[in-house]
>>> print(open('final01.pdb').read())   # PDB, C-alpha atoms, pLDDT in the B column
ATOM      1  CA  MET A   1     -11.476  -2.685 -38.097  1.00 60.00           C
ATOM      2  CA  LYS A   2     -12.198   0.758 -36.611  1.00 57.00           C
ATOM      3  CA  LYS A   3     -14.784  -0.778 -34.241  1.00 59.00           C
ATOM      4  CA  LEU A   4     -12.188  -3.297 -33.043  1.00 57.00           C
ATOM      5  CA  LEU A   5      -9.662  -0.541 -32.408  1.00 57.00           C
ATOM      6  CA  ARG A   6     -12.225   1.519 -30.492  1.00 63.00           C
ATOM      7  CA  ARG A   7     -13.179  -1.481 -28.349  1.00 63.00           C
ATOM      8  CA  THR A   8      -9.531  -2.282 -27.660  1.00 63.00           C
ATOM      9  CA  ALA A   9      -8.860   1.338 -26.679  1.00 61.00           C
ATOM     10  CA  ALA A  10     -11.918   1.363 -24.416  1.00 60.00           C
ATOM     11  CA  LEU A  11     -10.780  -1.839 -22.697  1.00 61.00           C
ATOM     12  CA  LEU A  12      -7.298  -0.422 -22.127  1.00 60.00           C
ATOM     13  CA  MET A  13      -8.743   2.786 -20.661  1.00 68.00           C
ATOM     14  CA  ALA A  14     -11.035   0.776 -18.386  1.00 62.00           C
ATOM     15  CA  ALA A  15      -8.097  -1.311 -17.192  1.00 61.00           C
ATOM     16  CA  ALA A  16      -6.048   1.830 -16.504  1.00 59.00           C
ATOM     17  CA  LEU A  17      -8.891   3.388 -14.520  1.00 58.00           C
ATOM     18  CA  ALA A  18      -9.334   0.178 -12.535  1.00 57.00           C
ATOM     19  CA  LEU A  19      -5.679   0.273 -11.474  1.00 55.00           C
ATOM     20  CA  THR A  20      -6.014   3.833 -10.157  1.00 56.00           C
ATOM     21  CA  ALA A  21      -9.192   2.978  -8.236  1.00 54.00           C
ATOM     22  CA  THR A  22      -7.741   0.154  -6.164  1.00 53.00           C
ATOM     23  CA  GLY A  23      -8.434   0.236  -2.420  1.00 52.00           C
ATOM     24  CA  CYS A  24      -6.672  -1.294   0.586  1.00 52.00           C
ATOM     25  CA  TRP A  25      -7.412  -4.382   2.609  1.00 49.00           C
ATOM     26  CA  GLY A  26      -6.288  -5.763   5.937  1.00 54.00           C
ATOM     27  CA  LYS A  27      -6.204  -2.269   7.437  1.00 56.00           C
ATOM     28  CA  HIS A  28      -5.823  -1.836  11.197  1.00 58.00           C
ATOM     29  CA  GLU A  29      -7.323   1.063  13.138  1.00 66.00           C
ATOM     30  CA  LEU A  30      -5.206   2.033  16.166  1.00 66.00           C
ATOM     31  CA  THR A  31      -8.327   2.568  18.256  1.00 72.00           C
ATOM     32  CA  GLU A  32      -9.238  -1.094  17.728  1.00 80.00           C
ATOM     33  CA  LEU A  33      -5.858  -2.652  18.588  1.00 88.00           C
ATOM     34  CA  PHE A  34      -3.718  -3.655  21.537  1.00 88.00           C
ATOM     35  CA  ILE A  35      -0.166  -2.865  20.342  1.00 91.00           C
ATOM     36  CA  VAL A  36       2.070  -5.530  21.920  1.00 93.00           C
ATOM     37  CA  THR A  37       5.531  -4.371  23.063  1.00 92.00           C
ATOM     38  CA  GLY A  38       6.638  -7.498  24.958  1.00 94.00           C
ATOM     39  CA  ILE A  39       5.674 -11.163  25.337  1.00 96.00           C
ATOM     40  CA  SER A  40       6.378 -13.465  28.298  1.00 96.00           C
ATOM     41  CA  ILE A  41       5.896 -17.225  28.536  1.00 97.00           C
ATOM     42  CA  ASP A  42       6.055 -19.118  31.835  1.00 97.00           C
ATOM     43  CA  ALA A  43       5.555 -22.715  32.894  1.00 96.00           C
ATOM     44  CA  THR A  44       2.465 -23.349  35.032  1.00 95.00           C
ATOM     45  CA  GLY A  45       3.311 -26.723  36.547  1.00 92.00           C
ATOM     46  CA  THR A  46       0.604 -28.351  34.421  1.00 94.00           C
ATOM     47  CA  PRO A  47       2.044 -30.269  31.454  1.00 92.00           C
ATOM     48  CA  GLY A  48       1.100 -28.698  28.133  1.00 92.00           C
ATOM     49  CA  GLU A  49      -0.244 -25.449  29.655  1.00 96.00           C
ATOM     50  CA  TYR A  50       1.635 -22.166  29.780  1.00 97.00           C
ATOM     51  CA  GLU A  51       1.015 -18.669  31.097  1.00 97.00           C
ATOM     52  CA  TYR A  52       1.305 -16.096  28.322  1.00 97.00           C
ATOM     53  CA  GLY A  53       1.741 -12.422  29.147  1.00 96.00           C
ATOM     54  CA  LEU A  54       1.331  -9.609  26.629  1.00 95.00           C
ATOM     55  CA  GLN A  55       2.569  -6.135  27.481  1.00 94.00           C
ATOM     56  CA  VAL A  56       0.419  -3.690  25.517  1.00 92.00           C
ATOM     57  CA  ALA A  57       0.430   0.073  25.186  1.00 82.00           C
ATOM     58  CA  LYS A  58      -2.398   1.643  27.174  1.00 78.00           C
ATOM     59  CA  ALA A  59      -4.733   4.168  25.563  1.00 68.00           C
ATOM     60  CA  ARG A  60      -4.528   7.149  27.926  1.00 62.00           C
ATOM     61  CA  ALA A  61      -7.688   9.049  28.578  1.00 42.00           C
ATOM     62  CA  ALA A  62      -7.596  12.834  28.678  1.00 39.00           C
ATOM     63  CA  THR A  63      -8.007  14.373  32.097  1.00 38.00           C
ATOM     64  CA  SER A  64     -11.402  15.847  32.706  1.00 39.00           C
ATOM     65  CA  GLY A  65     -10.230  18.779  34.805  1.00 42.00           C
ATOM     66  CA  GLY A  66      -7.895  20.627  32.437  1.00 43.00           C
ATOM     67  CA  SER A  67      -8.944  22.572  29.385  1.00 42.00           C
ATOM     68  CA  SER A  68      -5.807  21.586  27.517  1.00 44.00           C
ATOM     69  CA  GLY A  69      -6.457  17.875  27.919  1.00 47.00           C
ATOM     70  CA  GLY A  70      -3.417  15.686  28.455  1.00 49.00           C
ATOM     71  CA  SER A  71      -2.994  12.639  30.662  1.00 49.00           C
ATOM     72  CA  ASP A  72      -1.968  11.697  34.156  1.00 54.00           C
ATOM     73  CA  SER A  73       1.837  11.347  34.124  1.00 56.00           C
ATOM     74  CA  SER A  74       1.693   8.915  37.055  1.00 62.00           C
ATOM     75  CA  GLU A  75      -0.459   6.488  35.117  1.00 70.00           C
ATOM     76  CA  ALA A  76       1.321   3.354  33.875  1.00 75.00           C
ATOM     77  CA  PRO A  77       1.626   3.489  30.059  1.00 81.00           C
ATOM     78  CA  THR A  78       1.204  -0.282  29.628  1.00 86.00           C
ATOM     79  CA  LEU A  79      -1.058  -3.155  30.618  1.00 88.00           C
ATOM     80  CA  LEU A  80      -0.111  -6.796  31.101  1.00 92.00           C
ATOM     81  CA  LEU A  81      -2.738  -9.098  29.613  1.00 94.00           C
ATOM     82  CA  THR A  82      -2.418 -12.759  30.618  1.00 95.00           C
ATOM     83  CA  ALA A  83      -3.966 -16.048  29.591  1.00 95.00           C
ATOM     84  CA  THR A  84      -3.154 -19.676  30.438  1.00 96.00           C
ATOM     85  CA  GLU A  85      -3.433 -21.831  27.338  1.00 96.00           C
ATOM     86  CA  LYS A  86      -1.602 -24.525  25.383  1.00 95.00           C
ATOM     87  CA  THR A  87      -0.357 -22.263  22.583  1.00 92.00           C
ATOM     88  CA  MET A  88       0.256 -18.593  21.886  1.00 92.00           C
ATOM     89  CA  ALA A  89      -2.540 -18.531  19.306  1.00 91.00           C
ATOM     90  CA  GLU A  90      -5.053 -19.846  21.850  1.00 94.00           C
ATOM     91  CA  ALA A  91      -3.902 -17.275  24.388  1.00 94.00           C
ATOM     92  CA  ILE A  92      -4.402 -14.440  21.891  1.00 93.00           C
ATOM     93  CA  ASN A  93      -7.867 -15.755  21.012  1.00 94.00           C
ATOM     94  CA  THR A  94      -8.790 -15.875  24.712  1.00 95.00           C
ATOM     95  CA  ILE A  95      -7.619 -12.297  25.275  1.00 93.00           C
ATOM     96  CA  ASN A  96      -9.416 -11.080  22.145  1.00 94.00           C
ATOM     97  CA  ARG A  97     -12.690 -12.656  23.308  1.00 93.00           C
ATOM     98  CA  ASN A  98     -12.504 -10.901  26.670  1.00 90.00           C
ATOM     99  CA  ALA A  99     -11.377  -7.465  25.470  1.00 86.00           C
ATOM    100  CA  SER A 100     -12.757  -4.638  23.364  1.00 85.00           C
ATOM    101  CA  ARG A 101      -9.619  -4.550  21.188  1.00 88.00           C
ATOM    102  CA  LYS A 102      -7.661  -7.043  19.118  1.00 91.00           C
ATOM    103  CA  VAL A 103      -4.099  -8.073  19.917  1.00 91.00           C
ATOM    104  CA  PHE A 104      -1.549  -6.941  17.319  1.00 91.00           C
ATOM    105  CA  ILE A 105       1.923  -8.471  17.824  1.00 89.00           C
ATOM    106  CA  HIS A 106       3.676  -7.194  14.701  1.00 89.00           C
ATOM    107  CA  HIS A 107       5.400  -4.413  16.698  1.00 89.00           C
ATOM    108  CA  ASN A 108       6.509  -6.688  19.535  1.00 93.00           C
ATOM    109  CA  GLN A 109      10.034  -5.886  20.770  1.00 92.00           C
ATOM    110  CA  ILE A 110      11.037  -8.908  22.883  1.00 93.00           C
ATOM    111  CA  ILE A 111      10.074 -12.451  23.882  1.00 95.00           C
ATOM    112  CA  LEU A 112      10.904 -13.518  27.456  1.00 96.00           C
ATOM    113  CA  PHE A 113      10.945 -17.127  28.676  1.00 97.00           C
ATOM    114  CA  GLY A 114      10.732 -17.987  32.353  1.00 96.00           C
ATOM    115  CA  GLU A 115      13.503 -20.029  33.972  1.00 95.00           C
ATOM    116  CA  ASP A 116      11.346 -23.117  34.622  1.00 95.00           C
ATOM    117  CA  LEU A 117      10.100 -23.151  31.055  1.00 96.00           C
ATOM    118  CA  ALA A 118      13.631 -22.811  29.701  1.00 93.00           C
ATOM    119  CA  ARG A 119      14.649 -25.891  31.685  1.00 93.00           C
ATOM    120  CA  GLU A 120      11.799 -27.827  30.033  1.00 93.00           C
ATOM    121  CA  GLY A 121      12.995 -26.800  26.567  1.00 91.00           C
ATOM    122  CA  LEU A 122      12.116 -24.017  24.125  1.00 91.00           C
ATOM    123  CA  VAL A 123      12.169 -25.773  20.752  1.00 90.00           C
ATOM    124  CA  ASP A 124       8.372 -26.054  20.377  1.00 91.00           C
ATOM    125  CA  HIS A 125       7.796 -22.430  21.420  1.00 92.00           C
ATOM    126  CA  ILE A 126      10.448 -21.074  19.045  1.00 91.00           C
ATOM    127  CA  ASP A 127       8.957 -23.199  16.274  1.00 90.00           C
ATOM    128  CA  LEU A 128       5.494 -21.667  16.804  1.00 89.00           C
ATOM    129  CA  PHE A 129       6.887 -18.123  16.628  1.00 89.00           C
ATOM    130  CA  MET A 130       8.771 -19.026  13.437  1.00 89.00           C
ATOM    131  CA  ARG A 131       5.508 -20.171  11.835  1.00 88.00           C
ATOM    132  CA  ASP A 132       3.347 -17.261  12.999  1.00 85.00           C
ATOM    133  CA  LEU A 133       2.544 -14.886  10.142  1.00 80.00           C
ATOM    134  CA  GLU A 134       2.487 -11.765  12.363  1.00 82.00           C
ATOM    135  CA  SER A 135       5.627 -12.574  14.350  1.00 85.00           C
ATOM    136  CA  ARG A 136       8.866 -10.919  13.168  1.00 88.00           C
ATOM    137  CA  LEU A 137      11.943 -13.146  13.128  1.00 89.00           C
ATOM    138  CA  GLU A 138      14.260 -10.333  14.269  1.00 91.00           C
ATOM    139  CA  VAL A 139      12.534  -9.945  17.667  1.00 92.00           C
ATOM    140  CA  ALA A 140      14.986 -10.322  20.581  1.00 92.00           C
ATOM    141  CA  VAL A 141      14.853 -13.351  22.910  1.00 93.00           C
ATOM    142  CA  ALA A 142      15.915 -13.597  26.580  1.00 94.00           C
ATOM    143  CA  ILE A 143      15.483 -15.856  29.615  1.00 96.00           C
ATOM    144  CA  VAL A 144      14.409 -14.582  33.040  1.00 95.00           C
ATOM    145  CA  GLU A 145      15.428 -15.856  36.463  1.00 95.00           C
ATOM    146  CA  GLY A 146      12.061 -16.628  38.019  1.00 93.00           C
ATOM    147  CA  LYS A 147       8.895 -15.595  36.164  1.00 95.00           C
ATOM    148  CA  ALA A 148       9.186 -13.828  32.829  1.00 95.00           C
ATOM    149  CA  SER A 149       5.942 -11.910  33.394  1.00 95.00           C
ATOM    150  CA  ASP A 150       7.505 -10.152  36.407  1.00 94.00           C
ATOM    151  CA  ILE A 151       9.872  -8.339  34.038  1.00 93.00           C
ATOM    152  CA  LEU A 152       7.024  -7.062  31.867  1.00 92.00           C
ATOM    153  CA  SER A 153       5.081  -5.806  34.893  1.00 89.00           C
ATOM    154  CA  ALA A 154       8.131  -4.091  36.444  1.00 86.00           C
ATOM    155  CA  GLU A 155       7.636  -0.400  37.286  1.00 80.00           C
ATOM    156  CA  MET A 156      10.886   1.346  36.437  1.00 78.00           C
ATOM    157  CA  GLU A 157      11.348   5.041  37.031  1.00 73.00           C
ATOM    158  CA  GLN A 158      12.602   6.217  33.625  1.00 67.00           C
ATOM    159  CA  ASP A 159      11.807   3.505  31.082  1.00 76.00           C
ATOM    160  CA  LYS A 160       8.155   2.652  31.555  1.00 76.00           C
ATOM    161  CA  VAL A 161       7.775   0.339  28.526  1.00 85.00           C
ATOM    162  CA  THR A 162       9.878  -2.687  29.442  1.00 86.00           C
ATOM    163  CA  GLY A 163       9.809  -4.318  26.016  1.00 87.00           C
ATOM    164  CA  ALA A 164      11.145  -1.242  24.239  1.00 87.00           C
ATOM    165  CA  TYR A 165      13.747  -0.642  26.990  1.00 86.00           C
ATOM    166  CA  LEU A 166      15.158  -4.168  26.710  1.00 89.00           C
ATOM    167  CA  SER A 167      15.240  -4.000  22.919  1.00 87.00           C
ATOM    168  CA  ARG A 168      17.291  -0.782  23.066  1.00 88.00           C
ATOM    169  CA  THR A 169      19.570  -2.212  25.761  1.00 86.00           C
ATOM    170  CA  PHE A 170      20.361  -5.357  23.782  1.00 86.00           C
ATOM    171  CA  ASP A 171      20.924  -3.315  20.645  1.00 86.00           C
ATOM    172  CA  SER A 172      23.454  -1.039  22.385  1.00 85.00           C
ATOM    173  CA  ARG A 173      25.265  -3.977  24.026  1.00 84.00           C
ATOM    174  CA  SER A 174      25.522  -5.870  20.749  1.00 80.00           C
ATOM    175  CA  SER A 175      28.629  -3.775  20.021  1.00 80.00           C
ATOM    176  CA  ILE A 176      30.288  -5.610  22.951  1.00 81.00           C
ATOM    177  CA  SER A 177      29.091  -9.116  22.095  1.00 80.00           C
ATOM    178  CA  ASN A 178      26.698 -10.591  19.527  1.00 76.00           C
ATOM    179  CA  ASN A 179      25.257 -12.776  22.291  1.00 77.00           C
ATOM    180  CA  TYR A 180      23.418  -9.757  23.724  1.00 81.00           C
ATOM    181  CA  GLN A 181      21.294  -9.401  20.586  1.00 85.00           C
ATOM    182  CA  VAL A 182      19.797 -12.831  19.891  1.00 88.00           C
ATOM    183  CA  SER A 183      16.706 -12.935  17.694  1.00 90.00           C
ATOM    184  CA  ILE A 184      14.197 -15.728  17.142  1.00 91.00           C
ATOM    185  CA  LEU A 185      15.960 -16.545  13.874  1.00 91.00           C
ATOM    186  CA  ASP A 186      19.403 -16.570  15.549  1.00 90.00           C
ATOM    187  CA  PHE A 187      18.155 -18.842  18.323  1.00 89.00           C
ATOM    188  CA  ALA A 188      16.513 -21.268  15.874  1.00 89.00           C
ATOM    189  CA  SER A 189      19.669 -21.388  13.735  1.00 89.00           C
ATOM    190  CA  ARG A 190      21.818 -22.189  16.767  1.00 86.00           C
ATOM    191  CA  LEU A 191      19.416 -24.897  17.881  1.00 84.00           C
ATOM    192  CA  LEU A 192      19.807 -26.582  14.481  1.00 85.00           C
ATOM    193  CA  ASP A 193      23.598 -26.218  14.465  1.00 84.00           C
ATOM    194  CA  THR A 194      25.203 -29.307  16.005  1.00 79.00           C
ATOM    195  CA  SER A 195      28.562 -27.596  16.566  1.00 77.00           C
ATOM    196  CA  ILE A 196      27.436 -24.750  18.869  1.00 78.00           C
ATOM    197  CA  SER A 197      24.950 -24.194  21.692  1.00 80.00           C
ATOM    198  CA  PRO A 198      22.338 -21.413  21.690  1.00 83.00           C
ATOM    199  CA  VAL A 199      23.218 -18.589  24.105  1.00 86.00           C
ATOM    200  CA  VAL A 200      20.821 -15.806  25.166  1.00 89.00           C
ATOM    201  CA  PRO A 201      20.885 -13.020  27.804  1.00 90.00           C
ATOM    202  CA  LEU A 202      19.785 -13.961  31.313  1.00 93.00           C
ATOM    203  CA  LEU A 203      17.714 -11.308  33.089  1.00 93.00           C
ATOM    204  CA  ARG A 204      16.802 -10.802  36.717  1.00 92.00           C
ATOM    205  CA  LEU A 205      14.481  -8.338  38.453  1.00 91.00           C
ATOM    206  CA  THR A 206      15.966  -6.493  41.427  1.00 89.00           C
ATOM    207  CA  LYS A 207      14.945  -3.682  43.769  1.00 85.00           C
ATOM    208  CA  ASN A 208      16.721  -0.378  44.340  1.00 82.00           C
ATOM    209  CA  GLY A 209      14.734   1.112  47.181  1.00 79.00           C
ATOM    210  CA  ASP A 210      11.171   1.348  45.905  1.00 79.00           C
ATOM    211  CA  ARG A 211      12.203   1.122  42.263  1.00 83.00           C
ATOM    212  CA  ASP A 212      12.344  -1.964  40.060  1.00 86.00           C
ATOM    213  CA  GLU A 213      15.521  -2.549  38.109  1.00 86.00           C
ATOM    214  CA  ILE A 214      16.357  -5.101  35.431  1.00 89.00           C
ATOM    215  CA  GLU A 215      19.836  -6.593  35.409  1.00 89.00           C
ATOM    216  CA  ILE A 216      21.522  -8.694  32.745  1.00 86.00           C
ATOM    217  CA  GLY A 217      23.000 -11.382  34.966  1.00 81.00           C
ATOM    218  CA  GLY A 218      25.060 -13.187  32.339  1.00 84.00           C
ATOM    219  CA  MET A 219      24.113 -15.674  29.660  1.00 86.00           C
ATOM    220  CA  ALA A 220      21.867 -18.716  29.620  1.00 85.00           C
TER     221      ALA A 220
END
>>> encode(input="final01.pdb", output="structure tokens")
Amino acid sequence: MKKLLRRTAALLMAAALALTATGCWGKHELTELFIVTGISIDATGTPGEYEYGLQVAKARAATSGGSSGGSDSSEAPTLLLTATEKTMAEAINTINRNASRKVFIHHNQIILFGEDLAREGLVDHIDLFMRDLESRLEVAVAIVEGKASDILSAEMEQDKVTGAYLSRTFDSRSSISNNYQVSILDFASRLLDTSISPVVPLLRLTKNGDRDEIEIGGMA
């Protein structure tokens, strides 16, 4: 009886120690990732093929001249990675094969669809984002007059990261109308609802002198 109690106690202690010694899995090192802040999808004119653009935060190198380090303030803080493929997953795989880092879309702020693609229909593209394990359903959606990738490559004076800027803009304007803050989940729900039509912000890229500006030109 005493031996059984000792064995039971030893097993319980071993189980308790095992719980405290657990590690982590699926970790992501920032130095190995492209952090995506915006996604654009445009029609290419070829049926079944689309141009995907990923705006990613750029790793800034320290300047070699100064002892205090730092970075060049004139350097663009983002890159636009593009690939022409049939699906978003294939585009990401293509970019990953040709780059030293892996694309990480969990922190994406916005998804932009080009005007021509929107005219073709967005159901299949929304469906793929709904099924993607890394895609967040609360990410904002908008349509762009012209090419969606032009918005992500815009060089604005104050807000350099277009994806984050648009996310903040839609969030602040949502107090005026809910139609300014439309997420993937909202858009999918409205597509399934037979009594209403899905409405999303319509963006256009304009020039103010040498500066790029993004205007919300109504609703699509």
>>> residues_near_point(input="final01.pdb", point="(9.8, -15.7, 14.9)", cutoff="10 Å", atoms="all atoms listed in the file", output="PyMOL selection string")
chain A and resi 111+125-141+183-188
>>> residues_around(input="final01.pdb", residues="A:Ala142", least_positions_apart="6", cutoff="7 Å", atoms="only C-alpha atoms", output="ChimeraX atom specification")
/A:111-113,200-202
>>> resolve_selection(input="final01.pdb", expression="the PyMOL selection byres ((chain A and resi 87) around 9)", output="PyMOL selection string")
chain A and resi 48-50+52+84-86+88-92+125+128
>>> residues_near_point(input="final01.pdb", point="(18.3, -5.7, 23.4)", cutoff="7 Å", atoms="all atoms listed in the file", output="PyMOL selection string")
chain A and resi 140+166-171+180-181
>>> atom_distance(input="final01.pdb", atom1="atom CA of A:Ile196", atom2="atom CA of A:Asp124")
19.2 Å
